[in-house]
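Asks: Can you read through this structure? Questions will come right after.
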Amino acid sequence: MVDMDTIVSLCKRRGFIFQSSEIYGGLGSAWDYGPLGVEFKNNVKHLWWRDNVQLRDDMVGLDAAITMHPRVWEASGHVASFSDPFTGCTECGRHYRADQIHEVLWSCRWFRAVQKVLEGPSAKKNEWLAITNWAKSDGKKIAPNFPLTKSAEVPAGVGSTEYPFEGPEDPKFLKFLETLGNLIARQPDTMPLPCPSCGGLKLSAPKPANLMLETFLGPVRETATKTYLRPETAQGIFVNFDNVLQSARKKVPFGVAQIGKAFRNEITPGNFTFRTREFEQMEIEYFVAPGTDEEWHQKWIDERFAWYQKYGIRKDNIRIREHASDELAFYAKRCVDIEYLFPMGWSELEGIANRTDYDLKRHAEFSGKSLDYFDEESKQKIVPYVIEPSAGADRSALAFLIDAYHEEEVREERRVVLRFHPELAPIKIAVLPLLKKNHQIVQTARKICAVLQKRWVSVYDDTAAIGRLYRRQDEVGTPFCVTVDVQTVGDGKSPADEKVTIRDRDTMQQVRVAISTLEETMANLMAGKWEEVVKQ
Ligand code: ATP
């Protein structure tokens with residue numbers, strides 16, 4: 001699988017995602033979507049919206065405000081308990097989510113470097129030399145507080161009583177290697193955990209930290225209203241339950257969907273756009289009659305699991321993880337995560353919870369407004385149960401991007417290709433002139449591009465030779481290139497054939513079609529009918 005550094009660098013190079021405020025040194029954990037990134041992420045959101053709202057009779061949409069009445073967050077339970085335990089390093093001052101510290105450690109830079117040294121060929125022959133050399137050079141820079149690197153001249157063990165080591169045969173050194181080996185093998189109980197940032201061994205005991213970002217509405221801080229940037233979009237749907245019910249005349253079972261920004265003061269943001277403090281959610285609250293909730297929950301799990309695969313996520317890279325009973329929120333009946341095999345390991349892509357009637361009841365209690373629903377069938381008032389499929393737009397986009405990434409050898413050259421589903425690809429068609437000095441070719445190509453742009457995101461590019469242009473489009477996942485050449489426009493020797501060459505990104509096969517049928521052909525190709533087009 002591709003590593004995250006490769007993805008980050010591709011995203012920057014080709015204008016998918018940039019570090020926020022980069023010219024000021026960057027803001028950790030915030031990312032900006034560039035020219036291709038915004039198209040791509042919009043496609044993810046559009047497909048989610050189309051499939052979950054526009055193609056269903058039982059769903060409607062909503063776009064609620066980011067700032068809400070402060071009481072909303074008391075009712076929802078966020079003020080009292082939306083917190084994660086955190087631990088801090090007293091040597092370098094960095095903080096980590098206590099329940100994620102192992103994962104962070106195993107993917108941090110210095111720890112990966114130690115691992116490489118220990119597994120490398122020189123370590124096998126002479127561990128003592130390999131590890132002390134690392135400690136004196138790279139280790140000193142990237143893990144300055146790890147005891148081994150702190151006193152690199154006289155290599156130190158992990159615990160203060162264990163060093164100095166007296167040489168490669170010293171049993172203390174062998175013990176040290178064993179403990180480090182255990183840690184690398186993810187058996188962390190054998191030593192105090194080092195700080196992922198500096199290697200120091202002084203991590204504090206875990207404490208809870210509220211994750212909501214506060215904000216103040218009003219010009220004078222003393223009299224301003226304190227509220228929060230919403231940590232999830234869901235509450236905007238619950239507080240509008242009655243408005244939607246009355247205006248859209250929906251009957252249970254029905255759902256409300258929303259896409260929007262959410263904010264969490266995450267303790268350990270990281271892994272590129274996987275965990276950030278500002279992110280976008282794609283959430284559904286699906287209201288059902290009590291008693292039908294379990295069945296609906298399962299339907300949504302199946303539906304959402306299939307959705308990711310429909311747009312290209314490979315079966316082996318996605319799974320469903322059932323929450324254990326001690327993981328469940330006290331009001332939830334059942335919850336599953338859809339997980340993706342990210343470069344740092346299996347991690348949550350979407351959570352799908354059966355939240356019972358907790359949210360509607362709490363908002364009714366705190367607001368004093370009834371949020372009952374009159375059930376025509378049983379002629380009774382009920383409080384619907386809620387099934388919540390809650391996905392992240394950024395995490396989904398990242399998973400689609402990672403899954404699409406392929407490297408291969410073509411004619412002894414490395415080809416990087418993003419095998420995006422055509423509906424996800426930021427650019428659908430690139431129109432390329434074979435000779436940019438031939439006025440007629442250029443003019444025809446530009447004309448074709450203008451026609452295609454009305455239906456698909458299409459670009460014209462003549463800034464390199466054709467081979468380079470193809471590679472550039474492969475690297476950003478453009479499914480089809482259309483090439484205009486001398487035959488298309490004709491020359492003194494032969495008349496114009498008014499045909500263009502279409503090249504398929506994945507197979508690199510080519511087919512020649514008449515310009516007059518190009519739009520129709522493209523529509524067929526976008527629908528995956530390459531073979532049919534070739535036959536014609
Ligand atoms: P995690 O355990 O990873 O913190 P969570 O269980 O708190 O996630 P939910 O509250 O269920 O997440 O949020 C629903 C979805 O929103 C997640 O599945 C994820 O796709 C997205 N999401 C949540 N927090 C973040 C974040 N900090 N950055 C990016 N996406 C996020």
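Following the order of the structure tokens, first chain is A, next is B, and so on, with residues numbered from 1 inside each chain and ligands from 1 in the order they appear.
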Compute the set of protein, DNA and RNA residues whose minimum atom distance to ligand 1 is at most 7 Å, using only C-alpha atoms and all ligand atoms, and state it as a PDB file with N, CA and C atoms, in the first residue's frame.

Replies:
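File result_30.pdb, as written:
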ATOM      1  N   GLU A 232     -20.508  18.599  15.538  1.00  0.00           N
ATOM      2  CA  GLU A 232     -21.124  17.639  14.605  1.00  0.00           C
ATOM      3  C   GLU A 232     -22.305  18.346  13.961  1.00  0.00           C
ATOM      4  N   ARG A 264     -13.621  20.315  15.999  1.00  0.00           N
ATOM      5  CA  ARG A 264     -13.283  19.656  17.258  1.00  0.00           C
ATOM      6  C   ARG A 264     -11.847  20.009  17.614  1.00  0.00           C
ATOM      7  N   GLU A 266      -9.274  18.693  18.508  1.00  0.00           N
ATOM      8  CA  GLU A 266      -8.649  17.372  18.643  1.00  0.00           C
ATOM      9  C   GLU A 266      -7.303  17.498  19.338  1.00  0.00           C
ATOM     10  N   PRO A 269      -4.393  15.853  16.312  1.00  0.00           N
ATOM     11  CA  PRO A 269      -4.729  15.844  14.887  1.00  0.00           C
ATOM     12  C   PRO A 269      -3.564  15.220  14.131  1.00  0.00           C
ATOM     13  N   THR A 273      -5.320  14.583   6.220  1.00  0.00           N
ATOM     14  CA  THR A 273      -6.678  15.090   6.457  1.00  0.00           C
ATOM     15  C   THR A 273      -7.530  14.113   7.254  1.00  0.00           C
ATOM     16  N   PHE A 274      -6.912  13.026   7.734  1.00  0.00           N
ATOM     17  CA  PHE A 274      -7.712  12.033   8.463  1.00  0.00           C
ATOM     18  C   PHE A 274      -8.302  12.634   9.739  1.00  0.00           C
ATOM     19  N   ARG A 275      -7.479  13.328  10.502  1.00  0.00           N
ATOM     20  CA  ARG A 275      -7.971  13.930  11.746  1.00  0.00           C
ATOM     21  C   ARG A 275      -7.522  15.381  11.799  1.00  0.00           C
ATOM     22  N   THR A 276      -8.479  16.285  11.656  1.00  0.00           N
ATOM     23  CA  THR A 276      -8.181  17.713  11.670  1.00  0.00           C
ATOM     24  C   THR A 276      -9.124  18.389  12.665  1.00  0.00           C
ATOM     25  N   ARG A 277      -8.870  19.655  12.930  1.00  0.00           N
ATOM     26  CA  ARG A 277      -9.748  20.343  13.895  1.00  0.00           C
ATOM     27  C   ARG A 277     -10.964  20.947  13.204  1.00  0.00           C
ATOM     28  N   GLU A 278     -10.847  21.154  11.912  1.00  0.00           N
ATOM     29  CA  GLU A 278     -11.982  21.644  11.120  1.00  0.00           C
ATOM     30  C   GLU A 278     -12.172  20.634  10.003  1.00  0.00           C
ATOM     31  N   PHE A 279     -13.371  20.095   9.867  1.00  0.00           N
ATOM     32  CA  PHE A 279     -13.584  19.074   8.844  1.00  0.00           C
ATOM     33  C   PHE A 279     -15.038  19.095   8.397  1.00  0.00           C
ATOM     34  N   GLU A 280     -15.332  18.332   7.368  1.00  0.00           N
ATOM     35  CA  GLU A 280     -16.711  18.302   6.880  1.00  0.00           C
ATOM     36  C   GLU A 280     -17.335  16.941   7.140  1.00  0.00           C
ATOM     37  N   GLN A 281     -18.566  16.983   7.597  1.00  0.00           N
ATOM     38  CA  GLN A 281     -19.300  15.737   7.823  1.00  0.00           C
ATOM     39  C   GLN A 281     -20.416  15.591   6.805  1.00  0.00           C
ATOM     40  N   GLU A 348     -11.483   4.464  11.367  1.00  0.00           N
ATOM     41  CA  GLU A 348     -12.896   4.764  11.070  1.00  0.00           C
ATOM     42  C   GLU A 348     -13.079   5.701   9.884  1.00  0.00           C
ATOM     43  N   LEU A 349     -14.012   5.303   9.034  1.00  0.00           N
ATOM     44  CA  LEU A 349     -14.393   6.116   7.886  1.00  0.00           C
ATOM     45  C   LEU A 349     -15.776   6.717   8.162  1.00  0.00           C
ATOM     46  N   GLU A 350     -16.607   5.898   8.768  1.00  0.00           N
ATOM     47  CA  GLU A 350     -17.995   6.308   9.032  1.00  0.00           C
ATOM     48  C   GLU A 350     -18.516   5.521  10.233  1.00  0.00           C
ATOM     49  N   GLY A 351     -19.313   6.187  11.064  1.00  0.00           N
ATOM     50  CA  GLY A 351     -19.947   5.491  12.189  1.00  0.00           C
ATOM     51  C   GLY A 351     -21.445   5.388  11.910  1.00  0.00           C
ATOM     52  N   SER A 390     -23.012   8.441   9.923  1.00  0.00           N
ATOM     53  CA  SER A 390     -22.276   9.691  10.011  1.00  0.00           C
ATOM     54  C   SER A 390     -20.888   9.524   9.392  1.00  0.00           C
ATOM     55  N   ALA A 391     -20.700  10.179   8.238  1.00  0.00           N
ATOM     56  CA  ALA A 391     -19.451   9.992   7.494  1.00  0.00           C
ATOM     57  C   ALA A 391     -18.667  11.294   7.455  1.00  0.00           C
ATOM     58  N   GLY A 392     -17.390  11.201   7.173  1.00  0.00           N
ATOM     59  CA  GLY A 392     -16.566  12.393   7.012  1.00  0.00           C
ATOM     60  C   GLY A 392     -16.279  12.600   5.531  1.00  0.00           C
ATOM     61  N   ALA A 393     -16.493  13.819   5.035  1.00  0.00           N
ATOM     62  CA  ALA A 393     -16.205  14.084   3.616  1.00  0.00           C
ATOM     63  C   ALA A 393     -14.703  14.020   3.362  1.00  0.00           C
ATOM     64  N   ASP A 394     -13.929  14.538   4.319  1.00  0.00           N
ATOM     65  CA  ASP A 394     -12.472  14.561   4.114  1.00  0.00           C
ATOM     66  C   ASP A 394     -11.885  13.151   4.203  1.00  0.00           C
ATOM     67  N   ARG A 395     -12.371  12.391   5.189  1.00  0.00           N
ATOM     68  CA  ARG A 395     -11.855  11.019   5.327  1.00  0.00           C
ATOM     69  C   ARG A 395     -12.263  10.166   4.135  1.00  0.00           C
ATOM     70  N   SER A 396     -13.487  10.360   3.650  1.00  0.00           N
ATOM     71  CA  SER A 396     -13.917   9.577   2.480  1.00  0.00           C
ATOM     72  C   SER A 396     -13.052   9.946   1.290  1.00  0.00           C
TER      73      SER A 396
END

Asks: When you look at Tyr33 in chain A with a cut-off of 6 Å (counting only C-alpha atoms), what residues show up, excluding the ones that are within fewer than 3 positions of it in the same chain? I need them as a list in words.

Replies: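 Everything that qualifies: Phe16, Ile17, Gly37 and Val38 of chain A.
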
Asks: For the selection just defined, write its residues with all heavy atoms to a file, as an mmCIF file, in the first residue's frame.

Replies:
data_model
loop_
_atom_site.group_PDB
_atom_site.id
_atom_site.type_symbol
_atom_site.label_atom_id
_atom_site.label_comp_id
_atom_site.auth_asym_id
_atom_site.auth_seq_id
_atom_site.Cartn_x
_atom_site.Cartn_y
_atom_site.Cartn_z
ATOM 1 N N PHE A 16 -4.056 19.141 -5.240
ATOM 2 C CA PHE A 16 -5.233 18.589 -4.553
ATOM 3 C C PHE A 16 -5.378 19.238 -3.172
ATOM 4 O O PHE A 16 -6.419 19.765 -2.840
ATOM 5 C CB PHE A 16 -5.108 17.068 -4.387
ATOM 6 C CG PHE A 16 -5.483 16.277 -5.612
ATOM 7 C CD1 PHE A 16 -4.543 15.967 -6.570
ATOM 8 C CD2 PHE A 16 -6.792 15.858 -5.797
ATOM 9 C CE1 PHE A 16 -4.891 15.238 -7.699
ATOM 10 C CE2 PHE A 16 -7.154 15.129 -6.921
ATOM 11 C CZ PHE A 16 -6.197 14.818 -7.887
ATOM 12 N N ILE A 17 -4.309 19.170 -2.383
ATOM 13 C CA ILE A 17 -4.405 19.659 -0.997
ATOM 14 C C ILE A 17 -3.096 20.341 -0.595
ATOM 15 O O ILE A 17 -2.008 19.800 -0.822
ATOM 16 C CB ILE A 17 -4.705 18.490 -0.030
ATOM 17 C CG1 ILE A 17 -6.024 17.791 -0.416
ATOM 18 C CG2 ILE A 17 -4.775 18.969 1.417
ATOM 19 C CD1 ILE A 17 -6.325 16.521 0.337
ATOM 20 N N GLY A 37 -8.365 19.519 -5.865
ATOM 21 C CA GLY A 37 -8.942 18.990 -4.623
ATOM 22 C C GLY A 37 -10.384 19.422 -4.434
ATOM 23 O O GLY A 37 -11.230 18.633 -4.006
ATOM 24 N N VAL A 38 -10.663 20.671 -4.769
ATOM 25 C CA VAL A 38 -12.028 21.163 -4.540
ATOM 26 C C VAL A 38 -12.998 20.450 -5.492
ATOM 27 O O VAL A 38 -14.115 20.077 -5.101
ATOM 28 C CB VAL A 38 -12.105 22.709 -4.626
ATOM 29 C CG1 VAL A 38 -11.779 23.243 -6.003
ATOM 30 C CG2 VAL A 38 -13.484 23.199 -4.224
#

Asks: Quick one: everything within 12 Å of Asp57 in chain A, counting only C-alpha atoms, minus sequence neighbours fewer than 4 positions away in the same chain. Send it as a list of chain:residue names.

Replies: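 Neighbouring residues, sequence-local ones excluded: A:Arg50, A:Asp51, A:Asn52, A:Val53, A:Gly61, A:Ala248, A:Arg249, A:Lys250, A:Lys251, A:Val252, A:Pro253, A:Phe254, A:Gly255, A:Val256.
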
Asks: Atoms to include: C-alpha atoms. Write the selected residues as a PDB file, in the first residue's frame.

Replies:
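Wrote it out as again-v5.pdb, contents follow:
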ATOM      1  CA  ARG A  50     -27.379  12.395  -4.985  1.00  0.00           C
ATOM      2  CA  ASP A  51     -27.459   8.797  -3.756  1.00  0.00           C
ATOM      3  CA  ASN A  52     -28.772   9.537  -0.267  1.00  0.00           C
ATOM      4  CA  VAL A  53     -31.130  12.442  -0.895  1.00  0.00           C
ATOM      5  CA  GLY A  61     -31.822  17.727   2.876  1.00  0.00           C
ATOM      6  CA  ALA A 248     -41.923  18.446   3.872  1.00  0.00           C
ATOM      7  CA  ARG A 249     -44.968  16.407   4.993  1.00  0.00           C
ATOM      8  CA  LYS A 250     -42.882  13.316   5.565  1.00  0.00           C
ATOM      9  CA  LYS A 251     -44.028  10.180   7.312  1.00  0.00           C
ATOM     10  CA  VAL A 252     -41.840   7.947   9.461  1.00  0.00           C
ATOM     11  CA  PRO A 253     -39.656   6.262   8.295  1.00  0.00           C
ATOM     12  CA  PHE A 254     -37.865   9.220   6.741  1.00  0.00           C
ATOM     13  CA  GLY A 255     -34.496  10.855   7.021  1.00  0.00           C
ATOM     14  CA  VAL A 256     -32.778  14.225   6.901  1.00  0.00           C
TER      15      VAL A 256
END

Asks: With only C-alpha atoms as the atoms that count, which of A:Met344, A:Val500, A:Ile448, A:Ala353 lies nearest to Asp5 in chain A?

Replies: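 Selected residue with least distance to Asp5 in chain A: A:Met344.
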
Asks: Among range 351-496 of chain A, which residues carry a DSSP assignment of strand (DSSP E), reported as a VMD selection string?

Replies: chain A and resid 351 to 356 373 to 375 380 to 382 385 to 392 405 to 410 413 to 418 429 to 433 458 to 460 480 to 484

Asks: Go through A:Thr488, A:Ser21, A:Thr478, A:Thr6 and flag the residue nearest Arg505 in chain A, using only C-alpha atoms for the distances.

Replies: A:Thr478

Asks: Give me, as a tab-separated table, the closest atom pair and its distance (Å, one decimal) for every residue of range 73-120 of chain A within a cut-off of 8 Å of range 140-145 of chain A, counting only C-alpha atoms, rows sorted by chain and rising number.

Replies:
residue	atom	partner	partner_atom	distance
A:Glu91	CA	A:Asn145	CA	7.6
A:Arg109	CA	A:Ile142	CA	7.5
A:Trp110	CA	A:Ile142	CA	5.7

Asks: For CA of Pro433 in chain A and CA of Asp461 in chain A, determine how far apart the two atoms are, in Å to one decimal place.

Replies: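 Interatomic distance here is 7.6 Å.
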
Asks: Considering only C-alpha atoms, return as a list in words whatever protein or nucleic-acid residues lie within 8 Å of range 236-239 of chain A, sequence-local ones (same chain, fewer than 3 positions apart) excluded.

Replies: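 The residues that qualify are Leu62, Ala64, Ala65, Met68, Thr233, Asp242, Val256, Ala257, Gln258, Glu285, Asp359, Leu360 and His363 of chain A.
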
Asks: Restrict the selected residues to all heavy atoms and save them as an mmCIF file, in the first residue's frame.

Replies:
data_model
loop_
_atom_site.group_PDB
_atom_site.id
_atom_site.type_symbol
_atom_site.label_atom_id
_atom_site.label_comp_id
_atom_site.auth_asym_id
_atom_site.auth_seq_id
_atom_site.Cartn_x
_atom_site.Cartn_y
_atom_site.Cartn_z
ATOM 1 N N LEU A 62 -30.926 19.379 4.379
ATOM 2 C CA LEU A 62 -30.949 20.523 5.290
ATOM 3 C C LEU A 62 -29.557 21.153 5.298
ATOM 4 O O LEU A 62 -28.560 20.465 5.074
ATOM 5 C CB LEU A 62 -31.281 20.015 6.704
ATOM 6 C CG LEU A 62 -31.451 21.057 7.795
ATOM 7 C CD1 LEU A 62 -32.860 21.660 7.721
ATOM 8 C CD2 LEU A 62 -31.267 20.431 9.179
ATOM 9 N N ALA A 64 -28.031 23.599 8.078
ATOM 10 C CA ALA A 64 -28.231 24.384 9.309
ATOM 11 C C ALA A 64 -26.993 25.243 9.596
ATOM 12 O O ALA A 64 -25.914 24.990 9.063
ATOM 13 C CB ALA A 64 -28.487 23.437 10.477
ATOM 14 N N ALA A 65 -27.196 26.236 10.470
ATOM 15 C CA ALA A 65 -26.088 27.147 10.825
ATOM 16 C C ALA A 65 -25.024 26.426 11.656
ATOM 17 O O ALA A 65 -25.336 25.477 12.386
ATOM 18 C CB ALA A 65 -26.640 28.331 11.606
ATOM 19 N N MET A 68 -25.006 27.560 17.001
ATOM 20 C CA MET A 68 -26.368 27.250 17.456
ATOM 21 C C MET A 68 -26.563 27.788 18.872
ATOM 22 O O MET A 68 -25.592 28.153 19.544
ATOM 23 C CB MET A 68 -26.585 25.732 17.436
ATOM 24 C CG MET A 68 -26.429 25.131 16.044
ATOM 25 S SD MET A 68 -26.652 23.343 16.030
ATOM 26 C CE MET A 68 -28.433 23.223 16.179
ATOM 27 N N THR A 233 -22.720 17.868 12.797
ATOM 28 C CA THR A 233 -23.839 18.538 12.123
ATOM 29 C C THR A 233 -25.187 18.002 12.615
ATOM 30 O O THR A 233 -26.222 18.621 12.424
ATOM 31 C CB THR A 233 -23.751 18.342 10.595
ATOM 32 O OG1 THR A 233 -23.804 16.953 10.296
ATOM 33 C CG2 THR A 233 -22.489 18.946 10.019
ATOM 34 N N ASP A 242 -39.169 19.086 13.808
ATOM 35 C CA ASP A 242 -40.572 19.446 13.618
ATOM 36 C C ASP A 242 -40.767 20.330 12.382
ATOM 37 O O ASP A 242 -41.729 20.156 11.639
ATOM 38 C CB ASP A 242 -41.079 20.155 14.875
ATOM 39 C CG ASP A 242 -42.587 20.013 14.979
ATOM 40 O OD1 ASP A 242 -43.081 18.888 14.739
ATOM 41 O OD2 ASP A 242 -43.256 21.028 15.242
ATOM 42 N N VAL A 256 -33.258 12.897 7.279
ATOM 43 C CA VAL A 256 -32.778 14.225 6.901
ATOM 44 C C VAL A 256 -31.249 14.134 6.784
ATOM 45 O O VAL A 256 -30.592 13.570 7.659
ATOM 46 C CB VAL A 256 -33.159 15.280 7.958
ATOM 47 C CG1 VAL A 256 -32.717 16.671 7.506
ATOM 48 C CG2 VAL A 256 -34.660 15.264 8.236
ATOM 49 N N ALA A 257 -30.754 14.689 5.674
ATOM 50 C CA ALA A 257 -29.311 14.610 5.431
ATOM 51 C C ALA A 257 -28.713 16.000 5.447
ATOM 52 O O ALA A 257 -29.379 16.982 5.091
ATOM 53 C CB ALA A 257 -29.047 13.963 4.074
ATOM 54 N N GLN A 258 -27.466 16.068 5.849
ATOM 55 C CA GLN A 258 -26.789 17.364 5.873
ATOM 56 C C GLN A 258 -25.290 17.180 5.642
ATOM 57 O O GLN A 258 -24.682 16.244 6.159
ATOM 58 C CB GLN A 258 -27.019 18.035 7.234
ATOM 59 C CG GLN A 258 -26.248 19.323 7.385
ATOM 60 C CD GLN A 258 -26.717 20.196 8.544
ATOM 61 O OE1 GLN A 258 -26.780 21.397 8.397
ATOM 62 N NE2 GLN A 258 -27.028 19.615 9.667
ATOM 63 N N GLU A 285 -29.780 11.627 9.686
ATOM 64 C CA GLU A 285 -30.564 11.175 10.841
ATOM 65 C C GLU A 285 -31.818 10.557 10.243
ATOM 66 O O GLU A 285 -32.614 11.247 9.589
ATOM 67 C CB GLU A 285 -30.915 12.340 11.781
ATOM 68 C CG GLU A 285 -29.712 13.159 12.253
ATOM 69 C CD GLU A 285 -28.629 12.355 12.954
ATOM 70 O OE1 GLU A 285 -28.972 11.372 13.641
ATOM 71 O OE2 GLU A 285 -27.437 12.685 12.784
ATOM 72 N N ASP A 359 -32.000 11.710 21.494
ATOM 73 C CA ASP A 359 -31.803 13.108 21.076
ATOM 74 C C ASP A 359 -33.112 13.879 21.049
ATOM 75 O O ASP A 359 -33.188 15.002 21.561
ATOM 76 C CB ASP A 359 -31.131 13.152 19.708
ATOM 77 C CG ASP A 359 -29.843 12.374 19.694
ATOM 78 O OD1 ASP A 359 -28.808 12.932 20.061
ATOM 79 O OD2 ASP A 359 -29.887 11.169 19.357
ATOM 80 N N LEU A 360 -34.154 13.291 20.440
ATOM 81 C CA LEU A 360 -35.423 14.023 20.355
ATOM 82 C C LEU A 360 -35.985 14.251 21.758
ATOM 83 O O LEU A 360 -36.503 15.327 22.061
ATOM 84 C CB LEU A 360 -36.425 13.260 19.480
ATOM 85 C CG LEU A 360 -36.096 13.247 17.982
ATOM 86 C CD1 LEU A 360 -37.157 12.483 17.201
ATOM 87 C CD2 LEU A 360 -35.980 14.675 17.410
ATOM 88 N N HIS A 363 -34.000 17.116 23.498
ATOM 89 C CA HIS A 363 -34.313 18.453 22.984
ATOM 90 C C HIS A 363 -35.732 18.865 23.390
ATOM 91 O O HIS A 363 -35.976 20.045 23.648
ATOM 92 C CB HIS A 363 -34.113 18.519 21.468
ATOM 93 C CG HIS A 363 -32.669 18.589 21.088
ATOM 94 N ND1 HIS A 363 -31.829 19.610 21.499
ATOM 95 C CD2 HIS A 363 -31.884 17.754 20.364
ATOM 96 C CE1 HIS A 363 -30.603 19.399 21.038
ATOM 97 N NE2 HIS A 363 -30.615 18.272 20.347
#

Asks: For the alpha helix (DSSP H) assignment from backbone DSSP, which residues of range 55-298 of chain A qualify? Please present them as a PyMOL selection string.

Replies: chain A and resi 70-75+78-81+101-107+109-119+121-125+127-136+138-142+147-150+171-184+234-239+241-248+293-298

Asks: Out of A:Gln235, A:Asn43, A:Gln19, A:Gln487, which residue has the shortest atom-to-atom distance to Pro426 in chain A when counting only C-alpha atoms?

Replies: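 Among the listed residues, A:Asn43 lies closest to Pro426 in chain A.
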
Asks: Distance CA of Glu475 in chain A-CA of Ser347 in chain A, one decimal place?

Replies: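 These atoms are spaced 25.7 Å apart.
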
Asks: Using only C-alpha atoms, which protein or nucleic acid residues come within 10 Å of Trp456 in chain A? Drop anything in the same chain fewer than 2 positions from it, and give the result as a list in words.

Replies: Glu423, Pro426, Ile427, Lys428, Ile429, Cys449, Val451, Leu452, Gln453, Lys454, Ser458, Val459, Glu519, Met522, Ala523 and Met526 of chain A

Asks: Just give me the gap between CA of Cys89 in chain A and CA of Gly200 in chain A in Å, one decimal is fine.

Replies: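 Calculated distance between CA of Cys89 in chain A and CA of Gly200 in chain A is 7.3 Å.
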
Asks: Tell me, as a ChimeraX atom specification, which residues lie within 8 Å of His406 in chain A, counting only C-alpha atoms; anything in the same chain fewer than 3 positions away does not count.

Replies: /A:416-419

Asks: Residues at most 10 Å from range 327-339 of chain A, counting only C-alpha atoms, excluding those fewer than 2 positions away in the same chain, as a ChimeraX atom specification?

Replies: /A:293-294,297-298,301,304-305,308,317-325,341-342,345-359,386-391,399
